[in-house]
Structure formats: C-alpha cells, structure tokens
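Data first, discussion second: the structure below is written as structure tokens.
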Amino acid sequence: MGWTPERITDYEYDDRDRMVRSTEYVESAWNEDERGWMLALADWEASRCPSCGGDPDECQSPTADINNPFGTWVYDAEWVECHRASAARRLAHEPEDRRALTPRVSRRRRGSARSKR
Ligand SMILES: [Zn+2]
C-alpha cells in the first residue's frame, strides 16, 4: 500500500566486462507530494480543538453551551467500557481497576430526549 521511493542501480564494468562498481540511487521518501500531504495533515491537526480533537466551530460554539438559554445543541456524556482494554487489564491481574471505562460523548438537539443505549 502507498508509495515506495524508486531505487536505481548503475553498474560499471572494466574492459573485460567485470563489474567494478555499483552505485545505488534511492529517491527521497519526502518528495514534493509527501511533504504536501504531511503539511496538510499538520494544518488540519492544528485546526482541531486541543481538548477533544473535534471541530472548534462546533464544540466551542456558544450554541452548544449547556448554560446558554438560547443554545441549540447539548453534549451528553456517559461511561462506556472498552472491552479490549478490559481484557488486557484482566491479563495483567489489575484487581482494583479491571474495567477500562472511557467517556462517550454524543450531541443532541436541545430539548430532545437523551438517547438510550
Ligand atoms: Zn473541543
């Protein structure tokens, strides 16, 4: 998958057709396209909310503020278990902290019922 830098090998021979030298040229993995992709990724990452990784226009909007009486959206959060991480904890015999809980956040229109999971 993806892109592989090109490799080119030049061979030099003496008068008796014996190879005397080989020189390999390897294209840089950081060509113009790859640099462009990485710069675009850096720009995108810098544009995200540092707290949640989401779109700041959405998660930092006053319309999502639970204390704003004119807000249109609210976020709900609940603890959910990551069963993969819990299995790893069981393997490590961590009796005090066997369940790997992580917050799950969902967005809903203000006034609508919380979703039941
Ligand atoms: Zn955020």
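Naming scheme: A, B, ... for chains in displayed order of the structure tokens; residues 1 onward per chain; ligands 1 onward as shown.
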Problem set entry | DSSP strand (DSSP E or B) selection over chain A, as an MDAnalysis selection string | chainID A and resid 7:13 19:26 73:81 101:109
Export of prior selection with N, CA and C atoms as a CSV table (one decimal), in the first residue's frame:
chain,number,residue,atom,x,y,z
A,7,ARG,N,14.3,3.1,-6.6
A,7,ARG,CA,15.7,2.7,-6.4
A,7,ARG,C,16.3,2.4,-7.8
A,8,ILE,N,17.4,3.0,-8.1
A,8,ILE,CA,18.0,2.8,-9.4
A,8,ILE,C,19.5,2.5,-9.1
A,9,THR,N,20.0,1.4,-9.7
A,9,THR,CA,21.4,1.0,-9.6
A,9,THR,C,22.1,1.0,-10.9
A,10,ASP,N,23.2,1.7,-10.9
A,10,ASP,CA,24.1,1.8,-12.0
A,10,ASP,C,25.3,0.9,-11.8
A,11,TYR,N,25.7,0.1,-12.8
A,11,TYR,CA,26.8,-0.8,-12.8
A,11,TYR,C,27.9,-0.3,-13.7
A,12,GLU,N,29.1,-0.4,-13.3
A,12,GLU,CA,30.3,0.0,-14.1
A,12,GLU,C,31.1,-1.3,-14.3
A,13,TYR,N,31.6,-1.5,-15.6
A,13,TYR,CA,32.4,-2.7,-15.9
A,13,TYR,C,33.7,-2.3,-16.5
A,19,MET,N,32.4,-6.5,-13.4
A,19,MET,CA,31.8,-5.3,-12.6
A,19,MET,C,32.8,-4.8,-11.7
A,20,VAL,N,33.0,-3.5,-11.7
A,20,VAL,CA,34.0,-2.9,-10.8
A,20,VAL,C,33.3,-2.0,-9.8
A,21,ARG,N,32.1,-1.6,-10.1
A,21,ARG,CA,31.4,-0.6,-9.2
A,21,ARG,C,29.9,-0.7,-9.4
A,22,SER,N,29.2,-0.6,-8.3
A,22,SER,CA,27.8,-0.4,-8.5
A,22,SER,C,27.4,0.8,-7.6
A,23,THR,N,26.5,1.6,-8.1
A,23,THR,CA,26.0,2.8,-7.3
A,23,THR,C,24.5,2.8,-7.3
A,24,GLU,N,24.0,2.8,-6.1
A,24,GLU,CA,22.5,2.8,-6.0
A,24,GLU,C,22.0,4.2,-5.6
A,25,TYR,N,21.0,4.7,-6.3
A,25,TYR,CA,20.4,5.9,-6.0
A,25,TYR,C,19.0,5.6,-5.5
A,26,VAL,N,18.7,6.2,-4.3
A,26,VAL,CA,17.3,6.0,-3.7
A,26,VAL,C,16.7,7.3,-3.7
A,73,TRP,N,-27.8,23.1,20.8
A,73,TRP,CA,-27.3,21.7,20.9
A,73,TRP,C,-26.7,21.5,22.3
A,74,VAL,N,-26.7,20.4,22.8
A,74,VAL,CA,-26.0,20.0,24.0
A,74,VAL,C,-25.2,18.7,23.8
A,75,TYR,N,-24.2,18.5,24.6
A,75,TYR,CA,-23.5,17.3,24.5
A,75,TYR,C,-23.8,16.5,25.8
A,76,ASP,N,-24.0,15.2,25.6
A,76,ASP,CA,-24.2,14.3,26.7
A,76,ASP,C,-23.0,13.4,26.7
A,77,ALA,N,-22.6,12.9,27.9
A,77,ALA,CA,-21.5,12.0,28.1
A,77,ALA,C,-21.9,10.9,29.0
A,78,GLU,N,-21.4,9.7,28.7
A,78,GLU,CA,-21.6,8.5,29.5
A,78,GLU,C,-20.4,7.7,29.5
A,79,TRP,N,-20.2,6.9,30.6
A,79,TRP,CA,-19.1,6.0,30.6
A,79,TRP,C,-19.4,4.7,29.9
A,80,VAL,N,-18.6,4.3,29.0
A,80,VAL,CA,-18.7,3.0,28.3
A,80,VAL,C,-17.4,2.2,28.6
A,81,GLU,N,-17.6,0.9,28.5
A,81,GLU,CA,-16.4,0.1,28.7
A,81,GLU,C,-15.7,-0.3,27.4
A,101,LEU,N,-13.0,2.0,31.5
A,101,LEU,CA,-14.1,2.9,31.2
A,101,LEU,C,-13.5,4.2,30.5
A,102,THR,N,-14.3,4.6,29.5
A,102,THR,CA,-13.9,5.7,28.7
A,102,THR,C,-15.1,6.6,28.4
A,103,PRO,N,-15.0,7.9,28.4
A,103,PRO,CA,-16.3,8.6,28.1
A,103,PRO,C,-16.7,8.6,26.7
A,104,ARG,N,-18.0,8.4,26.5
A,104,ARG,CA,-18.5,8.5,25.1
A,104,ARG,C,-19.4,9.8,25.1
A,105,VAL,N,-19.2,10.6,24.1
A,105,VAL,CA,-19.9,11.9,24.0
A,105,VAL,C,-20.8,11.9,22.8
A,106,SER,N,-22.0,12.3,22.9
A,106,SER,CA,-22.9,12.4,21.8
A,106,SER,C,-23.5,13.8,21.8
A,107,ARG,N,-24.0,14.2,20.7
A,107,ARG,CA,-24.6,15.6,20.5
A,107,ARG,C,-26.0,15.4,20.2
A,108,ARG,N,-26.9,16.2,20.8
A,108,ARG,CA,-28.3,16.1,20.5
A,108,ARG,C,-28.9,17.5,20.5
A,109,ARG,N,-30.0,17.7,19.8
A,109,ARG,CA,-30.7,18.9,19.8
A,109,ARG,C,-31.3,19.2,21.1
For this session: Select the residues contacting ligand 1 at a distance of at most 10 Å, based on only C-alpha atoms and all ligand atoms, then format the selection as a PyMOL selection string.
Result: chain A and resi 48-61
Set the distance at 7 Å and use only C-alpha atoms: which residues neighbour Ser86 of chain A once local chain neighbours fewer than 3 positions away are removed? I'd like the list as a PDB file with N, CA and C atoms, in the first residue's frame.
ATOM      1  N   CYS A  82     -14.420  -0.136  27.384  1.00  0.00           N
ATOM      2  CA  CYS A  82     -13.624  -0.633  26.266  1.00  0.00           C
ATOM      3  C   CYS A  82     -13.251  -2.075  26.604  1.00  0.00           C
ATOM      4  N   HIS A  83     -13.906  -3.019  25.957  1.00  0.00           N
ATOM      5  CA  HIS A  83     -13.719  -4.430  26.310  1.00  0.00           C
ATOM      6  C   HIS A  83     -12.329  -4.937  25.950  1.00  0.00           C
ATOM      7  N   ARG A  89      -6.391  -5.622  30.972  1.00  0.00           N
ATOM      8  CA  ARG A  89      -6.279  -5.419  32.425  1.00  0.00           C
ATOM      9  C   ARG A  89      -6.477  -6.728  33.177  1.00  0.00           C
ATOM     10  N   ARG A  90      -7.419  -7.544  32.698  1.00  0.00           N
ATOM     11  CA  ARG A  90      -7.612  -8.845  33.354  1.00  0.00           C
ATOM     12  C   ARG A  90      -6.350  -9.675  33.227  1.00  0.00           C
ATOM     13  N   ARG A  98     -10.352  -3.310  36.884  1.00  0.00           N
ATOM     14  CA  ARG A  98     -10.474  -4.328  35.839  1.00  0.00           C
ATOM     15  C   ARG A  98     -11.251  -3.845  34.635  1.00  0.00           C
ATOM     16  N   ARG A  99     -12.110  -2.853  34.810  1.00  0.00           N
ATOM     17  CA  ARG A  99     -12.923  -2.370  33.691  1.00  0.00           C
ATOM     18  C   ARG A  99     -12.312  -1.089  33.147  1.00  0.00           C
ATOM     19  N   ALA A 100     -12.054  -1.071  31.857  1.00  0.00           N
ATOM     20  CA  ALA A 100     -11.496   0.118  31.202  1.00  0.00           C
ATOM     21  C   ALA A 100     -12.653   0.989  30.748  1.00  0.00           C
TER      22      ALA A 100
END
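Excluding segment 28-34 of chain A and any residue on its chain fewer than 2 positions from it, the residues at most 8 Å away by only C-alpha atoms are Thr4, Pro5, Val26, Gly36, Trp37 and Met38 of chain A.
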If you keep N, CA and C atoms, can you produce a file of those selected residues as a tab-separated table (two decimals), in the first residue's frame?
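Generated file (result.tsv):
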chain	number	residue	atom	x	y	z
A	4	THR	N	6.27	3.93	-2.79
A	4	THR	CA	7.61	3.43	-2.48
A	4	THR	C	8.62	4.25	-3.26
A	5	PRO	N	9.65	4.77	-2.58
A	5	PRO	CA	10.68	5.52	-3.30
A	5	PRO	C	11.36	4.64	-4.34
A	26	VAL	N	18.67	6.16	-4.33
A	26	VAL	CA	17.34	5.96	-3.75
A	26	VAL	C	16.65	7.31	-3.65
A	36	GLY	N	3.77	17.72	0.88
A	36	GLY	CA	2.47	18.39	0.79
A	36	GLY	C	1.42	17.70	1.66
A	37	TRP	N	1.41	16.34	1.62
A	37	TRP	CA	0.45	15.60	2.45
A	37	TRP	C	0.71	15.85	3.93
A	38	MET	N	1.99	15.81	4.34
A	38	MET	CA	2.32	15.99	5.75
A	38	MET	C	2.03	17.42	6.22
Exercise. Quick one, how far is atom CA of Glu45 of chain A from atom CA of Trp3 of chain A?
Worked result: 22.5 Å
For this session: Work out how far apart atom CA of Glu6 of chain A and atom CA of Arg18 of chain A are and give it in Å to one decimal.
Result: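 Separation of atom CA of Glu6 of chain A and atom CA of Arg18 of chain A: 26.1 Å.
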